[in-house]
file protein_16.cif (mmCIF, C-alpha atoms)
data_work
loop_
_atom_site.label_atom_id
_atom_site.label_comp_id
_atom_site.auth_asym_id
_atom_site.auth_seq_id
_atom_site.Cartn_x
_atom_site.Cartn_y
_atom_site.Cartn_z
CA PRO A 8 -11.86 26.24 -16.06
CA ILE A 9 -8.46 24.85 -15.05
CA ASP A 10 -5.12 26.17 -16.26
CA CYS A 11 -3.80 22.74 -17.21
CA GLN A 12 -0.37 24.17 -18.02
CA SER A 13 0.11 24.97 -14.33
CA ARG A 14 0.79 22.03 -12.03
CA GLU A 15 -0.29 24.09 -9.03
CA ALA A 16 -3.58 24.99 -10.68
CA VAL A 17 -4.27 21.32 -11.41
CA LEU A 18 -3.46 20.40 -7.82
CA ASP A 19 -5.69 23.20 -6.53
CA ALA A 20 -8.55 21.81 -8.61
CA THR A 21 -7.90 18.33 -7.20
CA ARG A 22 -7.87 19.31 -3.51
CA PRO A 23 -11.70 19.42 -3.23
CA VAL A 24 -11.77 15.96 -4.84
CA LEU A 25 -9.42 14.61 -2.18
CA ALA A 26 -11.47 16.29 0.55
CA ALA A 27 -14.65 14.65 -0.76
CA TRP A 28 -12.87 11.28 -0.99
CA ASN A 29 -11.61 11.59 2.60
CA ALA A 30 -15.18 12.43 3.68
CA GLN A 31 -16.44 9.33 1.82
CA LYS A 32 -18.59 11.50 -0.44
CA TRP A 33 -17.97 9.10 -3.29
CA GLU A 34 -20.23 10.61 -5.95
CA GLU A 35 -18.86 14.10 -5.36
CA ALA A 36 -15.30 12.80 -5.46
CA LYS A 37 -15.96 10.85 -8.66
CA SER A 38 -17.48 13.79 -10.52
CA GLY A 39 -14.56 15.98 -9.42
CA ALA A 40 -11.90 13.47 -10.48
CA ASP A 41 -13.67 12.94 -13.83
CA ALA A 42 -13.76 16.70 -14.39
CA VAL A 43 -10.03 17.18 -13.75
CA ILE A 44 -9.14 14.26 -16.03
CA ALA A 45 -11.52 15.41 -18.78
CA ALA A 46 -10.14 18.96 -18.65
CA CYS A 47 -6.43 18.22 -18.41
CA GLY A 48 -5.84 14.70 -19.70
CA LYS A 49 -2.38 13.61 -18.63
CA ALA A 50 -1.00 17.06 -17.80
CA GLU A 51 1.46 17.33 -14.91
CA GLY A 52 -0.38 17.23 -11.59
CA THR A 53 -3.26 15.01 -12.70
CA GLU A 54 -1.80 11.91 -11.04
CA ALA A 55 -3.88 12.44 -7.89
CA ALA A 56 -7.11 12.65 -9.90
CA TYR A 57 -6.23 9.41 -11.68
CA ALA A 58 -5.36 7.63 -8.41
CA LEU A 59 -8.60 8.72 -6.76
CA GLY A 60 -10.59 7.96 -9.91
CA SER A 61 -9.08 4.47 -9.99
CA ASP A 62 -10.06 3.81 -6.38
CA LEU A 63 -13.59 5.11 -6.98
CA ALA A 64 -14.01 2.95 -10.08
CA TYR A 65 -12.91 -0.07 -8.05
CA ARG A 66 -15.48 0.77 -5.38
CA ASP A 67 -18.14 0.87 -8.12
CA GLY A 68 -17.08 -2.55 -9.35
CA ASP A 69 -15.73 -1.14 -12.62
CA PHE A 70 -12.46 -3.05 -12.39
CA ALA A 71 -11.40 -2.50 -16.01
CA SER A 72 -11.62 1.29 -15.62
CA ALA A 73 -9.87 1.11 -12.24
CA LEU A 74 -6.95 -0.80 -13.75
CA ASN A 75 -6.78 1.54 -16.74
CA LEU A 76 -6.86 4.73 -14.65
CA ALA A 77 -4.14 3.41 -12.33
CA GLN A 78 -1.73 3.18 -15.28
CA ASN A 79 -1.53 6.99 -15.28
CA VAL A 80 -0.05 7.13 -11.78
CA PRO A 81 3.74 6.67 -11.39
CA ARG A 82 4.18 3.92 -8.83
CA HIS A 83 7.92 3.79 -8.28
CA GLY A 84 7.81 6.20 -5.34
CA PRO A 85 6.62 5.91 -1.74
CA SER A 86 3.80 8.46 -1.92
CA PRO A 87 0.36 7.50 -0.55
CA LEU A 88 -1.18 8.05 -3.99
CA ALA A 89 1.34 5.68 -5.57
CA ARG A 90 0.48 3.04 -2.97
CA LEU A 91 -3.26 3.58 -3.47
CA ALA A 92 -3.00 3.22 -7.25
CA GLY A 93 -0.70 0.22 -6.99
CA LEU A 94 -2.90 -1.75 -4.63
CA THR A 95 -6.04 -0.81 -6.55
CA ALA A 96 -4.41 -2.03 -9.76
CA VAL A 97 -3.50 -5.36 -8.13
CA GLN A 98 -7.00 -5.88 -6.74
CA SER A 99 -8.64 -4.87 -10.03
CA ALA A 100 -6.51 -7.27 -12.07
CA ILE A 101 -7.34 -10.10 -9.67
CA ALA A 102 -11.06 -9.24 -9.81
CA LEU A 103 -10.88 -9.32 -13.62
CA GLY A 104 -9.11 -12.68 -13.57
CA ASP A 105 -6.28 -11.14 -15.62
CA ALA A 106 -3.28 -13.19 -14.47
CA GLU A 107 -0.76 -11.33 -16.62
CA ALA A 108 -1.81 -7.91 -15.33
CA ALA A 109 -2.06 -9.19 -11.75
CA GLU A 110 1.49 -10.54 -11.87
CA ARG A 111 2.82 -7.32 -13.39
CA GLU A 112 1.06 -5.10 -10.87
CA THR A 113 1.96 -7.30 -7.88
CA LEU A 114 5.66 -7.22 -8.81
CA ALA A 115 5.50 -3.43 -9.27
CA VAL A 116 3.87 -2.92 -5.86
CA SER A 117 6.32 -5.28 -4.17
CA ALA A 118 9.29 -3.45 -5.67
CA ALA A 119 7.84 -0.09 -4.58
CA ILE A 120 7.34 -1.35 -1.01
CA VAL A 121 10.91 -2.62 -0.79
CA ALA A 122 12.24 0.64 -2.24
CA ALA A 123 10.20 2.74 0.19
CA LEU A 124 11.50 0.76 3.17
CA THR A 125 15.15 0.53 2.13
CA VAL A 126 16.02 3.72 0.21
CA PRO A 127 19.13 5.19 1.94
CA ASP A 128 17.71 8.71 2.32
CA GLY A 129 14.14 7.60 3.08
CA PRO A 130 12.21 7.76 6.36
CA VAL A 131 12.82 4.09 7.28
CA ARG A 132 16.28 3.29 5.86
CA GLY A 133 15.66 -0.37 6.48
CA ARG A 134 17.84 -3.27 5.47
CA MET A 135 16.75 -5.91 3.00
CA LEU A 136 17.51 -9.29 4.53
CA GLY A 137 16.85 -11.35 1.43
CA GLY A 138 14.16 -13.55 -0.02
CA PHE A 139 13.11 -17.15 0.36
CA ALA A 140 10.46 -19.58 -0.79
CA ALA A 141 7.64 -20.53 1.57
CA GLY A 142 5.19 -23.02 0.13
CA GLU A 143 3.49 -21.43 -2.86
CA ASN A 144 4.92 -17.99 -2.03
CA MET A 145 8.07 -15.96 -2.36
CA VAL A 146 8.86 -13.89 0.72
CA ILE A 147 10.98 -10.72 0.89
CA ALA A 148 12.23 -9.76 4.36
CA VAL A 149 13.09 -6.21 5.45
CA GLU A 150 14.41 -5.13 8.86
CA GLY A 151 13.85 -1.56 9.97
CA ASP A 152 11.85 0.29 12.61
CA TYR A 153 9.12 2.63 11.39
CA LYS A 154 5.87 4.05 12.65
CA ASN A 155 2.69 2.89 10.96
CA GLY A 156 -0.20 4.74 12.56
CA PRO A 157 0.09 4.12 16.31
CA PHE A 158 2.25 1.02 15.82
CA VAL A 159 5.98 0.50 15.37
CA ARG A 160 6.99 -2.13 12.82
CA HIS A 161 10.31 -3.93 13.24
CA LEU A 162 10.34 -6.73 10.68
CA THR A 163 8.32 -6.71 7.47
CA PHE A 164 7.79 -9.81 5.36
CA ILE A 165 6.27 -9.17 1.92
CA VAL A 166 4.51 -12.34 0.77
CA VAL A 167 4.25 -12.60 -3.03
CA PRO A 168 2.16 -15.59 -4.18
CA ARG A 169 3.41 -17.63 -7.12
CA GLU A 170 -0.22 -17.83 -8.26
CA PRO A 171 -0.79 -14.31 -9.67
CA LEU A 172 -4.52 -14.25 -8.91
CA LYS A 173 -3.92 -14.64 -5.18
CA PRO A 174 -3.56 -11.47 -3.08
CA LEU A 175 -0.35 -9.85 -1.91
CA ARG A 176 0.14 -10.05 1.86
CA THR A 177 2.52 -8.77 4.51
CA LEU A 178 3.57 -10.21 7.85
CA MET A 179 4.89 -7.74 10.43
CA LEU A 180 6.55 -7.90 13.82
CA THR A 181 5.07 -5.00 15.78
CA THR A 182 5.09 -3.25 19.13
CA SER A 183 2.04 -1.29 20.19
CA PRO A 184 1.54 1.77 22.42
CA ALA A 185 -1.22 -0.21 24.15
CA SER A 186 1.42 -2.54 25.58
CA ALA A 187 3.36 0.39 27.03
CA MET A 188 0.18 1.82 28.55
CA MET A 189 -0.37 -1.46 30.36
CA ASP A 190 3.28 -1.63 31.47
CA LEU A 191 3.81 -4.71 29.35
CA GLU A 192 7.42 -4.69 28.21
CA GLY A 193 8.85 -7.16 25.75
CA VAL A 194 5.51 -7.90 24.10
CA TYR A 195 5.60 -8.23 20.31
CA ALA A 196 2.72 -8.97 17.97
CA PHE A 197 3.15 -10.93 14.76
CA ASP A 198 0.36 -9.97 12.35
CA GLU A 199 -0.78 -10.81 8.85
CA TYR A 200 -2.26 -8.11 6.63
CA ALA A 201 -4.03 -8.43 3.29
CA CYS A 202 -6.26 -5.95 1.48
CA ASP A 203 -9.34 -7.49 3.09
CA ARG A 204 -8.20 -8.59 6.53
CA HIS A 205 -5.89 -8.32 9.53
CA VAL A 206 -5.07 -11.45 11.53
CA LEU A 207 -3.10 -11.62 14.78
CA LEU A 208 -0.94 -14.71 14.32
CA ASP A 209 1.05 -14.74 17.55
CA ILE A 210 2.01 -12.81 20.66
CA ILE A 211 5.72 -13.11 21.43
CA GLN A 212 7.05 -12.26 24.88
CA SER A 213 10.80 -11.68 24.91
CA ASP A 214 13.30 -9.56 26.79
CA HIS A 215 14.86 -8.65 23.45
CA GLN A 216 13.45 -7.98 20.00
CA PRO A 217 13.02 -11.26 18.10
CA THR A 218 15.56 -11.60 15.32
CA TYR A 219 14.90 -12.27 11.67
CA ASP A 220 16.03 -15.88 12.09
#

call {"tool": "encode", "arguments": {"input": "protein_16.cif", "output": "structure tokens"}}
result
Amino acid sequence: PIDCQSREAVLDATRPVLAAWNAQKWEEAKSGADAVIAACGKAEGTEAAYALGSDLAYRDGDFASALNLAQNVPRHGPSPLARLAGLTAVQSAIALGDAEAAERETLAVSAAIVAALTVPDGPVRGRMLGGFAAGENMVIAVEGDYKNGPFVRHLTFIVVPREPLKPLRTLMLTTSPASAMMDLEGVYAFDEYACDRHVLLDIIQSDHQPTYD
């Protein structure tokens, strides 16, 4: 039994679900997320169960359920669960061929990314440099240094396709600790990331950080 009136109690019940998800014990995680949602509905604190349940439904190929579950997770903030639910919603809408939902979810994720990178009191405090058209895409550019795993990102380009059923992508100018270990100074990588791939586009050698222009 879960005291669904207590946010802490709901979160305590969800912690084993997150642990199972992190351990890739998908069936255990799914049964746990389903139990929290069945017991507490949309009570405060259930957002994590919905986010994990959405991801697990997507992994099972149940894209309609994944999209539906993601709607119960606030996605205006920079939390990892908000990002997980947002990207799962985008991918699910694309898999369903639902152009309207895909466009809505892609715009929501893009806005959340920009907000997370540029909010004045946030960890990055980056600067939005503007947007421009590039072929069949709209691109939003943000300047700001932040750690992303072992890497440091300097420029982030969010690529939003005009065709809603195409995936959201990012391009990033990055320095890596591997370069420092090899005494390679002034080496920048320009990479493309999508939900299903990472592509190294270029290696830039420069005695100063390449500018936005």

call {"tool": "closest_residue", "arguments": {"input": "protein_16.cif", "among": "A:Val121, A:Ala106, A:Leu114, A:Val131", "to": "Ala148 in chain A", "atoms": "only C-alpha atoms"}}
result
A:Val121

call {"tool": "closest_residue", "arguments": {"input": "protein_16.cif", "among": "A:Met135, A:Ala58, A:Leu172, A:Leu74", "to": "Glu110 in chain A", "atoms": "all atoms listed in the file"}}
result
A:Leu172

call {"tool": "resolve_selection", "arguments": {"input": "protein_16.cif", "expression": "the PyMOL selection byres ((chain A and resi 125-130) around 10)", "output": "PyMOL selection string"}}
result
chain A and resi 85+119-124+131-135+149-154

call {"tool": "atom_distance", "arguments": {"input": "protein_16.cif", "atom1": "CA of Ser117 in chain A", "atom2": "CA of Val97 in chain A"}}
result
10.6 Å

call {"tool": "atom_distance", "arguments": {"input": "protein_16.cif", "atom1": "CA of Leu59 in chain A", "atom2": "CA of Ser99 in chain A"}}
result
14.0 Å

call {"tool": "closest_residue", "arguments": {"input": "protein_16.cif", "among": "A:Thr163, A:Gln98, A:Thr182, A:Asn75", "to": "Tyr219 in chain A", "atoms": "only C-alpha atoms"}}
result
A:Thr163

call {"tool": "closest_residue", "arguments": {"input": "protein_16.cif", "among": "A:Ser61, A:Thr177, A:Ser183, A:Asn29", "to": "Val206 in chain A", "atoms": "only C-alpha atoms"}}
result
A:Thr177

call {"tool": "closest_residue", "arguments": {"input": "protein_16.cif", "among": "A:Ala118, A:Ala96, A:Leu88, A:Ala71", "to": "Ala56 in chain A", "atoms": "all atoms listed in the file"}}
result
A:Leu88

call {"tool": "closest_residue", "arguments": {"input": "protein_16.cif", "among": "A:Ala40, A:Trp28, A:Gly52, A:Ala102", "to": "Glu15 in chain A", "atoms": "all atoms listed in the file"}}
result
A:Gly52

call {"tool": "residues_around", "arguments": {"input": "protein_16.cif", "residues": "Gln78 in chain A", "least_positions_apart": "4", "cutoff": "12 Å", "atoms": "all atoms listed in the file", "output": "list in words"}}
result
Lys49, Glu54, Tyr57, Ala58, Gly60, Ser61, Ala71, Ser72, Ala73, Leu74, Arg82, His83, Ala89, Leu91, Ala92, Gly93, Leu94, Thr95, Ala96, Val97, Ser99, Ala100, Ala108, Arg111, Glu112 and Ala115 of chain A

call {"tool": "atom_distance", "arguments": {"input": "protein_16.cif", "atom1": "CA of Leu162 in chain A", "atom2": "CA of Leu180 in chain A"}}
result
5.1 Å

call {"tool": "resolve_selection", "arguments": {"input": "protein_16.cif", "expression": "the PyMOL selection byres ((chain A and resi 212) around 8)", "output": "list in words"}}
result
Gly193, Val194, Tyr195, Ile210, Ile211, Ser213 and Asp214 of chain A

call {"tool": "residues_around", "arguments": {"input": "protein_16.cif", "residues": "Arg14 in chain A", "least_positions_apart": "4", "cutoff": "9 Å", "atoms": "only C-alpha atoms", "output": "ChimeraX atom specification"}}
result
/A:10,18-19,50-53

call {"tool": "write_last_selection", "arguments": {"input": "protein_16.cif", "atoms": "C-alpha atoms", "output": "compact mmCIF listing (two decimals), in the coordinates of the input"}}
result
# COMPACT_ATOMS: atom_id res chain seq x y z
CA ASP A 10 -5.12 26.17 -16.26
CA LEU A 18 -3.46 20.40 -7.82
CA ASP A 19 -5.69 23.20 -6.53
CA ALA A 50 -1.00 17.06 -17.80
CA GLU A 51 1.46 17.33 -14.91
CA GLY A 52 -0.38 17.23 -11.59
CA THR A 53 -3.26 15.01 -12.70

call {"tool": "resolve_selection", "arguments": {"input": "protein_16.cif", "expression": "the PyMOL selection byres ((chain A and resi 199) around 9)", "output": "list in words"}}
result
Arg176, Thr177, Leu178, Met179, Phe197, Asp198, Tyr200, Ala201, Arg204, His205, Val206, Leu207 and Leu208 of chain A

call {"tool": "residues_around", "arguments": {"input": "protein_16.cif", "residues": "Lys173 in chain A", "least_positions_apart": "5", "cutoff": "9 Å", "atoms": "only C-alpha atoms", "output": "VMD selection string"}}
result
chain A and resid 101 109 167 to 168

call {"tool": "axis_aligned_box", "arguments": {"input": "protein_16.cif", "around": "range 116-134 of chain A", "padding_each_side": "5 Å", "output": "JSON"}}
result
{"center_x": 11.5, "center_y": 1.7, "center_z": 0.7, "size_x": 25.3, "size_y": 24.0, "size_z": 23.1}
